[in-house]
Structure formats: structure tokens, C-alpha cells
There are 4 protein chains.
Amino acid sequence: MLEGTWYLEKHTDSLLFLHKIKRHIYHGRTAYQKVDLVEIEAFGKTLFLDGKIQSAQVDEFIYHEALVHPAMMTHPNPKNVIILGGGEGATLREVLRYPVDRATMVDIDEQLVKLCEAYMPEWHEGAFYDERTNLVFADARSYLENSNETYDVIVSDLTEPLEGGPSVMLFTKEFYQVAYDRLSDDGVLVVQSASADPYYNDFVRDVFVTLREVFPKVKVYHAPVFSFQMDWAFTLASKGRDPEEVAEEEIGRRLKDFESKLRFYTEELHGALFKLPKFLKEALPKGRVITDENPPVWFS
Amino acid sequence: MLEGTWYLEKHTDSLLFLHKIKRHIYHGRTAYQKVDLVEIEAFGKTLFLDGKIQSAQVDEFIYHEALVHPAMMTHPNPKNVIILGGGEGATLREVLRYPVDRATMVDIDEQLVKLCEAYMPEWHEGAFYDERTNLVFADARSYLENSNETYDVIVSDLTEPLEGGPSVMLFTKEFYQVAYDRLSDDGVLVVQSASADPYYNDFVRDVFVTLREVFPKVKVYHAPVFSFQMDWAFTLASKGRDPEEVAEEEIGRRLKDFESKLRFYTEELHGALFKLPKFLKEALPKGRVITDENPPVWFS
Amino acid sequence: MLEGTWYLEKHTDSLLFLHKIKRHIYHGRTAYQKVDLVEIEAFGKTLFLDGKIQSAQVDEFIYHEALVHPAMMTHPNPKNVIILGGGEGATLREVLRYPVDRATMVDIDEQLVKLCEAYMPEWHEGAFYDERTNLVFADARSYLENSNETYDVIVSDLTEPLEGGPSVMLFTKEFYQVAYDRLSDDGVLVVQSASADPYYNDFVRDVFVTLREVFPKVKVYHAPVFSFQMDWAFTLASKGRDPEEVAEEEIGRRLKDFESKLRFYTEELHGALFKLPKFLKEALPKGRVITDENPPVWFS
Amino acid sequence: MLEGTWYLEKHTDSLLFLHKIKRHIYHGRTAYQKVDLVEIEAFGKTLFLDGKIQSAQVDEFIYHEALVHPAMMTHPNPKNVIILGGGEGATLREVLRYPVDRATMVDIDEQLVKLCEAYMPEWHEGAFYDERTNLVFADARSYLENSNETYDVIVSDLTEPLEGGPSVMLFTKEFYQVAYDRLSDDGVLVVQSASADPYYNDFVRDVFVTLREVFPKVKVYHAPVFSFQMDWAFTLASKGRDPEEVAEEEIGRRLKDFESKLRFYTEELHGALFKLPKFLKEALPKGRVITDENPPVWFS
């Protein structure tokens, strides 16, 4: 039936999506954002923040596995990990698959995390209750600036830097220097970097060029996220190993313990993710350095 | 401005796309299908057939390069190539980049091909006028059944097998046997195989399983097509070489002559395209054999 | 903001409405229908049943006053009134403005009435708790067939007769004969009759022609209902007075007690409602008689 | 079929209309406005200007008859008539049904009028070629200010006064004084005045109050225009007769010659159009005077 409630998403000024809503789970507003959690036929439970799709039950595993595993595998033995953002708890879930000592998650929006905890157990799968978890409600930049801990992996799982939004100052060169300083010698930072498509890739270009100002090794990789209707970009910055030089055999060995839990990432796929379409490879160096004075510009 | 004409595409029953139309180029109907050619801000000129996006100026190169080059490179030296379907002429364009003797294109819809020739020169780039081109307006199955030529590469560039549509009988085991018989010893068949996504991948499964009944080597690969809003699947069936065993060095050498014309495919990307997400790799063997008696079922 | 939840209404096959939802109040399903109660900027609280707008806070008064008052005024002194359907309680509210002894409301959908009672007090304004109210949950046809009461006014406030829906058998000649038999000598029946527009007026034609088979005086009148996006038709069938012959002065006198509560109906407007556009006047006699064997056909 | 091209109309910020397009007739832009002429299933040929529906084949007669006849009948014997705006030629068509000596139509947009002439013969029905017609392409305000003719009826058939648009200065007190001065002693001015609905009626209130500053008799009337999805308001300002005092008998007599051509207006309907819903009658005096210094504000 065509009639009923639909979620309208403005993908771009010239492309609107209408998602048929099967079930209304939660509609409300936190101190930071508008939250709509609904069920959609093809996507299952789906979370929209401020009108943009954030995560869908049917394929959140693609995004979260693609975000976490390349970085974790690039570090030889991560023990202390921090996640910036990460509301739903699925990034935390993937990090905890490794034998880490401690996984800190810093999200500014406590209400959102509580909503995810209550309504989206399929995402966190209990990760919030793992004894290695350290859940902090704070601005991630301040938290990291004031921390004196050393991390092996930093996972930047932030919403896009909408003007005036809470994540704007978490994509700048100055912030990446803070992240660099908090990382151990083999430390790795991974940043979700929005669209990898031929038309809208300004953001990943800028993140790439900015991270190159701070880190010795910076690589962009990509994964097709079904519910985002896009090929998605991630930027991995490493103080130690090059992610493309980690042996398939090592990845296979380390995956053994939890391989059966994964649905996207494999040791064979690891290297392939870093092979970019020609247009994207050629576009990346054309970005500009994002700084506190020239913060990111988001297109919507 | 929100007001004005939009193209509504029913991606699925629960997901509608609305594309803002910037310019109307052609609206009409051929003997086989409804044709809408419009200009869209982010996509440029965009062709819709029977309400489904077929090709967009901004990224048609992704689809057409991904369709043609892996197959052409898998054959060591293709001289005689046939394209099934291929209306816009861009598949032909990519085939003609190679030193072939002859490229036959068999499309059932002459009016559509004439429209593409007149209104979409950015696609064919004059390929229709190349002296190696043999343009035939006929049902591709009959044509191949009645041919006694031998081809090195067959490119199946057909619309999805909508019930009652002209392409239904071009995806069956019986037809693939005809294709096999018309191929030379190192012959390669490539079939565009629709969505590679976690929710809608029944079609590529079935094509994969069906081709395995006929060909010794069958591999699925994928490429993210921006304007299709999806990761797209292709199935490559080979009588000779395994596509994953073609050396990067050989591809690089053969690409030299026209590398500058490509925007998606590179020798490095070739192998990566064949690395599949785990869910897709595991899903493929679960397809069913498509036969003339049990033709493909399309989900829309 | 364009993004967010919208209610899609299929007005016709070639006209869709999208209503931006400001607040979600209730989404669910009763034994008989899908219920969506939302708040919309321009309409206020708005009730949709099975995907069709039923009532909007901003202008429910137009529909309910137009439905009730012409019929009540056509009867010289209505004491016993029955409402068929009437879920929200606003028809009951308008009936109770008169010095009636008893107002019976027969609605098949108890869950819906309870939802309206709880969530839509602006409609019923306590009418459910008036001591003259007799609320019955039953099929209105059976109820009337088995009743031996005599009514002065019968108000048919039913949803459109969607195939297989509960109201189909409440628009037939046989049923109108039952209604006739239950009415007192000056008795009046009024039937909400859907669109009065030039393109979609088949239904009111049929109701008109059918009622003329049973009642001596039948008149169609109309009122523009903002939230229905249409001019709306009502059919009044009378055993006694002709509605157009009731004196403005009488109406004015009877209105005195509750005039201040009304926002649409006035004594001056009464007669004007019965003056029809020429196209509608000429179309009415072209209807066909609806019978139990040939039930109404609804266009959607 | 849901797929294909649709016209999106922003009725309000919280209500969008999508009209399925059956045939594309013309898409373009004049010096003054964006023009889209399409065919729609339920509406027939439909003209959109700057994204707003202007006229639909199926019911343009409602709007044009309602605009012209009450004014023409209020004047006892109109001989010289001027139309401000009136692009499609249908207002002219209705004026020419009377035994006038001359009908001047002043429209600023020559290209639009030529498009209407060529593509919309169902509207003008040859009115442009009547020898009594005087077609002028000019700004209507300047034209009237510089005219020294005397008119019996002035018909203001203008698009809504969108900010910066060409009609803004044609709704002010100063302009209405110019109109007054150009009218004969029994002269009548009628102004199409947008929505008559309970939520959006600010514009008709302001037009009403402004005209009362200049004319001795001012009356608002209304007609439900199907394709506008609204009850529509018109304001009639008279130097001579009160429109409600013109006898039905006189109207009937004058209609005789062309009664068969009309599909909306009848002598019986004339008076009924002036009977307003209570909410509208009470709202009208609350308008504010529109002046050159405080031009109309349009809500969209």
C-alpha cells in the first residue's frame, strides 16, 4: 500500500528518498538532535538523526565492520581503544571482538545513547555492559585534549559536520594533531569520511589531505553501504604499519576467534577495500586542509 | 526550488526516489519501452526506461568500464566481440578501445538506439560510426542461435528480465549454452547481474548458479554505481583463463593505449573487484538454475 | 525542514498528497482499520483511516456543521436522533446542541471510538459523557433493521464504501428503505456523499438517484472542506419539509442558543449550500440505483 | 504506474502535491516566469507557472466563470471591459460572451500569451481573434495610469503577488484608486483573491479591507476550484449596484444567449456565491490596508 507514513530524506537538493514506514518505534528530540527510529520493510529498524539515515538493521554490519576492522588489523595488537561518537554501540561491539583491555566510547549525546541502548539491542548486543567498556558522555575533542592516556586505535565514528553541529571541530588538523599525540607508536586513527562517489567526494578529499599534514601514512578505503545508497569512504591514518602491508595470513589468524560473527569483512577483502576507482584516487590530492579557522563545509 | 517536475523511481516497494528534473530532453515510447531522457543536477543527462534509471552521464563510465574491461582482459586477445543489448552505445565504445576486428551490437529496440544516437553523443562518442561496428536490430537470442560466427567475448548488457519483457529468455541455461557454443576456446561471457546488496541479491545468485551449469569458470564481481544507488554485480564466465589469474602487469600493458580515456578501471582495481563481501560470497551458491521453463523472476 | 516523516495520501491515481508530520500521536490498527493520528502544521491534529484523511482539527467544524445542521433544521423539532458511524464524536457534539431527548451513535469500531475519546477531546468535547447519549458498538445496518424505535433524524456519517469495507451495505436502496421505515413523519436522513467536484462525482450521483427511489424529497448540497482539498457533497432526504423551504427566520431563532459555538453554518448560508454548480446539478440525475446486489463501487 | 514524471507543487510548507504527468507539452521559461504545460489524468492539460498550478482543462471553467460573470452582471450593461493579466485567454472568452464593444487584455508576459495561444486553444476558443479584442503587452498598472479611457468592468486576473514578482503593485490602495478613477459610474472591479479557507485567508482579508478604502460597495464571494484544491475567494468592488441586489430574473434574461456555453454559473448560483462561511465573514474585517509602501506579503 502506497498510503501511510514515509520518511523523506533529502539525499541532495535534486534527489529525495521516501522510505515507507512499517512501524513507528520512537520519535523525539535529544538536546543535540532529532531522533526518528522506525522500521522499514527492506532495512528493518532504521535510525534517522536530523533527517539523515544513520544506521539500518539490515546492513549496519557493513558500515561497522568496515569502520573498525581495517584499523584494528593495522595495529599489531591493540589494547586500549577509544571511539569518538559511536552512539548505537555497534562500533563498540566490533572493537570488543578483539582482546583489548579497555574500550572507551565518548559520545556527547547521552539521551541518544540511552535510546539506542533501550531500543536497538541488535546493534550493541550488550557491548555497553562489557566490563572492558568505559562509556563517557562528553565532547570528544575536550575529552581527548584533557586526557593523558595513550591509545592504540582511535575510531572516529561521527555524524557529518553540519554547520553548527557538535562534530564540526572534530575534523580539523588541530584536532588530528591531538589525536596523533594520544596514539602509541603503532597507533592508528580511522575516520568515517562520507561519500566515495564521483559527484560528492569533497569531504573525503579534505579529510585525506588534512590527515596527511599530521600522519606519515594515510590511506582511503571504501565499502558500499546499501542503506546509505552509496559507496562509503573511510580514511585510515597510521603512525606505524601501512594497512596494505598487513599480511592476509596475519588477518586470517587474528580473525579466527570471531570470524563466524562477521558478515562483511574477510582477510581477502581487506586489501581490496584499499583499491580505489581511478576517479577517486585522482581526486583525493585535490582536497584542502581543514583547520579550526577553516572548518569543514558540508554540502547539504 | 522544490517545485517543478521530478522523476519518481520505485526502487523497491518501500523506497521511492524523486529526481529533480533540470531539463526535459525527450519523453516518448518505442515499440518496446517508455523512454524518458532528462537532465538532473547531480547526474547530468539521465535515461530512464520503463521507469527505471538506465544510465546517467555523471557515472555511466563506472558501469560501462566495469562491464567491459574485466571480460576483455580475461581473454588474451579478443578480435570478434558481440554485445547483447547495449542501447546507448557506451558498451560498444569501451569494446572498441581494443584492437578488435569487429564488434557486433544486437539490440531489439531500433527506435531506442536511434534516440540514443541523436540525444546521447556523450555515451557513444561516435562508436556507431566506427568501421569495425556491426549494428543489428534483432532479438539477441534468435540472432545468436542462427549465427555461425565464433566470438571471443560476449557482453550481455540487457535490461532486467521484467515479466513479459524482451530480455527474459536471455538469462536461461539454454541460452547460455548457445552462448558457450558460439565462443572461441578462450571465450568469455560477461553478464550484468543487477544488485549486489545484502537484501536484494537473488538475481545475481541465480545467474551465477545457472552459468556454473554451463561454463568451467564463473566469477562474480562488483562495482558501486552511484546513479543506481547500489553496489552492482556482474558475472563473468570463462572457457579459458580465470579472471583473477590475469597478471596486473599484462593488464597494465594492454591498458597503455587508452588508459587516459578511463575513469574507473585500473590494473590495480581489476583483482579487487572480484573480492566480495562475505555475505555475498556465501549467498551465491544458494541460487537456483534459470531455465526456459523456469525463467527469471524479477522482484519489482 | 523538508526531511522527516510525511503522511502520503493517494488522493487519486494521479495525485498524491504529502503532509509533513509535526508530531506523532498514535499509530496502530483496530479490528477494522489502520489508524494514524498525527499533528500537521496547517491542519493541527489529523486523523487518517486506512490512508485517507478523516478529520483535521483546523476545519472539522466545516464538515460536521455542514453534515448535521441542515438536517436538524429541516425537521421542525427533532427529539430522537441516530448517527450511523461518527467515530470522533463531533457529529454527536453537533446533534447535542439541540434540545433532543436522546442521541444514539452506532459505530462498528469500538477501538477507534475509544482512541478518539482518549486522543481527540477537541472533537467530542465531552459529548460521549452527555446523559442523552446512547453509544452502541454494532453494525449500523443490523442495528437499524432490528430496532423498533422511531427517529426524527438519521445522520449517515460513514467512511467511503471501500470494497470489502464495513460501510458497503449502508448505501443501498434496501438499507435506505429500512431507514425510511424507522423515521417519523417529518423524518430526515442525511448522507455524507463524498466529492462534489467535476471529475469525481459518481458517488453522490448514485446516492442521490438511490435515495429518490425511496424518499419523496431529495436534495444535494455542498460545502468546501479545506482539509479534504475538495468541495464535499451531502444528500438530504426528507419525508416532510423541503430543506430549501425552511425559513431563514426559523433557523435564526433556533440557532440563537448555540450560535456562538458555530464557525461555519449560519441561517444565511443554509439556503446557499443547496445552490449547486451547473455541472453538478446536471450530473446528479445520471447516477444509477445502488442495491444490495449492485453495491457501490469506490474509485480508489 | 507509479514510476515516471510528476509535478511537485508546494501547496504549503507542510503539504506537497504530486501530480502524475501523462504527457509533456511544453517546458520553458519566459522573461517573467517558468512555464510548464503538461497533461494530467484527472485534470487534462494543466498549466503551472513558477511551480504553482494556474489552470487545468477539467475545471478552468469554474474559475473563469466565477471570476467574470458576477462582475459583468453587477454592471447593468457593460460595453468597455479591461482585463489585467489573463494570460490563457479564458477570462477574455467569458467577457466576450456579452455584447461588449471592446475588451482590452493587458498582460505583461507576451511569450506566455503566445504559448497559451498556440498550446491551449481549449482555453481561449479563438477569443484572441475576436474583432472586439484589444490585446496589449504591458505592465497593467502603467497602462491604466496612462489610459484616459473609461471602463465599465475591470477584471483583475493576476498571479499571486510573490515578492519581486510583476503583480505586487497591482493590489495596493493606490492602484485601486487608479482603477476607481477609470471606471464609469456603474463601474465594477473584480479581483481574484486567492484562498477562502479557514487557515490561509490573510490575502483576501487584506484585499477586502483595502478595496473598502476606495469603493462604496465591496463584497467577497467564493467558489470551490477543484484543481486548486481549495475554495477560492474573489472580491467585487462596485461604484453602482450591489451584486447581491441584482435580480435573479435579470441574470436569467441576460444569460439566455450563452447559457448553454456555461458549466458553472447560473442565475440561482449568483446569490449563493456571496453567502460566506461564518469564519470567513468574521475574518474579513481583520485585514490590513495594502499600500505601495506596505505591499502584499505572500505566504509561500
# chains A, B, ... in the order shown; residues from 1 in each chain; ligands from 1
>>> closest_atom_pairs(of="chain C", to="chain A", cutoff="6 Å", atoms="only C-alpha atoms", output="JSON lines")
{"residue": "C:Glu3", "atom": "CA", "partner": "A:Gly51", "partner_atom": "CA", "distance": 4.9}
{"residue": "C:Gly4", "atom": "CA", "partner": "A:Leu8", "partner_atom": "CA", "distance": 5.3}
{"residue": "C:Thr5", "atom": "CA", "partner": "A:Tyr7", "partner_atom": "CA", "distance": 4.4}
{"residue": "C:Trp6", "atom": "CA", "partner": "A:Trp6", "partner_atom": "CA", "distance": 5.4}
{"residue": "C:Tyr7", "atom": "CA", "partner": "A:Thr5", "partner_atom": "CA", "distance": 4.4}
{"residue": "C:Leu8", "atom": "CA", "partner": "A:Glu3", "partner_atom": "CA", "distance": 5.2}
{"residue": "C:Glu9", "atom": "CA", "partner": "A:Glu3", "partner_atom": "CA", "distance": 5.2}
{"residue": "C:Gly51", "atom": "CA", "partner": "A:Glu3", "partner_atom": "CA", "distance": 4.9}
>>> select_by_dssp(residues="region 112-251 of chain A", states="helix (DSSP H, G or I)", output="VMD selection string")
chain A and resid 112 to 119 121 to 124 127 to 129 140 to 146 168 to 170 173 to 182 202 to 212 226 to 228 243 to 245 248 to 251
>>> residues_around(residues="Pro296 (chain C)", least_positions_apart="3", cutoff="12 Å", atoms="only C-alpha atoms", output="list in words")
Glu160, Pro161, Leu162, Glu163, Gly164, Gly165, Ser167, Val168, Met169, Leu170, Phe171, Thr172, Lys173, Ser193, Asp202, Phe203, Val204, Arg205, Asp206, Val207, Thr210, Gly287, Arg288, Val289, Ile290, Thr291, Asp292, Glu293 and Phe299 of chain C
>>> residues_around(residues="Phe61 (chain B)", least_positions_apart="6", cutoff="12 Å", atoms="only C-alpha atoms", output="number ranges by chain")
A: 198, 277-279; B: 55, 67-69, 88-91, 93-94, 122-124, 223-227, 261-265
>>> write_last_selection(atoms="C-alpha atoms", output="compact mmCIF listing (two decimals), in the first residue's frame")
# COMPACT_ATOMS: atom_id res chain seq x y z
CA PRO A 198 32.15 10.61 -8.28
CA PRO A 277 38.27 3.70 -8.55
CA LYS A 278 40.54 5.82 -10.70
CA PHE A 279 38.40 8.95 -10.37
CA SER B 55 22.31 5.41 -17.40
CA LEU B 67 31.09 -4.35 -17.56
CA VAL B 68 33.56 -4.47 -20.43
CA HIS B 69 37.17 -4.40 -19.25
CA GLU B 88 23.29 3.74 -25.55
CA GLY B 89 26.43 2.68 -27.42
CA ALA B 90 28.73 3.12 -24.44
CA THR B 91 29.43 -0.59 -24.09
CA ARG B 93 32.59 2.46 -27.10
CA GLU B 94 34.53 0.57 -24.44
CA GLU B 122 28.35 11.67 -24.70
CA TRP B 123 27.70 7.94 -24.40
CA HIS B 124 28.53 6.55 -27.83
CA ALA B 223 31.29 -2.16 -8.62
CA PRO B 224 29.49 0.66 -6.83
CA VAL B 225 27.33 2.54 -9.35
CA PHE B 226 26.49 5.95 -7.91
CA SER B 227 23.42 6.70 -10.00
CA LYS B 261 40.32 7.63 -21.52
CA LEU B 262 39.27 5.56 -18.49
CA ARG B 263 37.94 6.96 -15.27
CA PHE B 264 37.11 3.86 -13.23
CA TYR B 265 39.06 0.76 -14.21
>>> residues_around(residues="Gly44 (chain A)", least_positions_apart="3", cutoff="9 Å", atoms="only C-alpha atoms", output="MDAnalysis selection string")
chainID A and resid 22 38:41 56:58
>>> select_by_dssp(residues="region 16-225 of chain B", states="strand (DSSP E or B)", output="PyMOL selection string")
chain B and resi 16-29+34-40+44-49+52-56+80-85+102-107+133-137+151-157+183-195+217-225
>>> residues_around(residues="Glu149 (chain D)", least_positions_apart="6", cutoff="10 Å", atoms="only C-alpha atoms", output="ChimeraX atom specification")
/D:80,181-184
>>> residues_around(residues="Asp157 (chain B)", least_positions_apart="6", cutoff="6 Å", atoms="only C-alpha atoms", output="ChimeraX atom specification")
/B:84-86,192
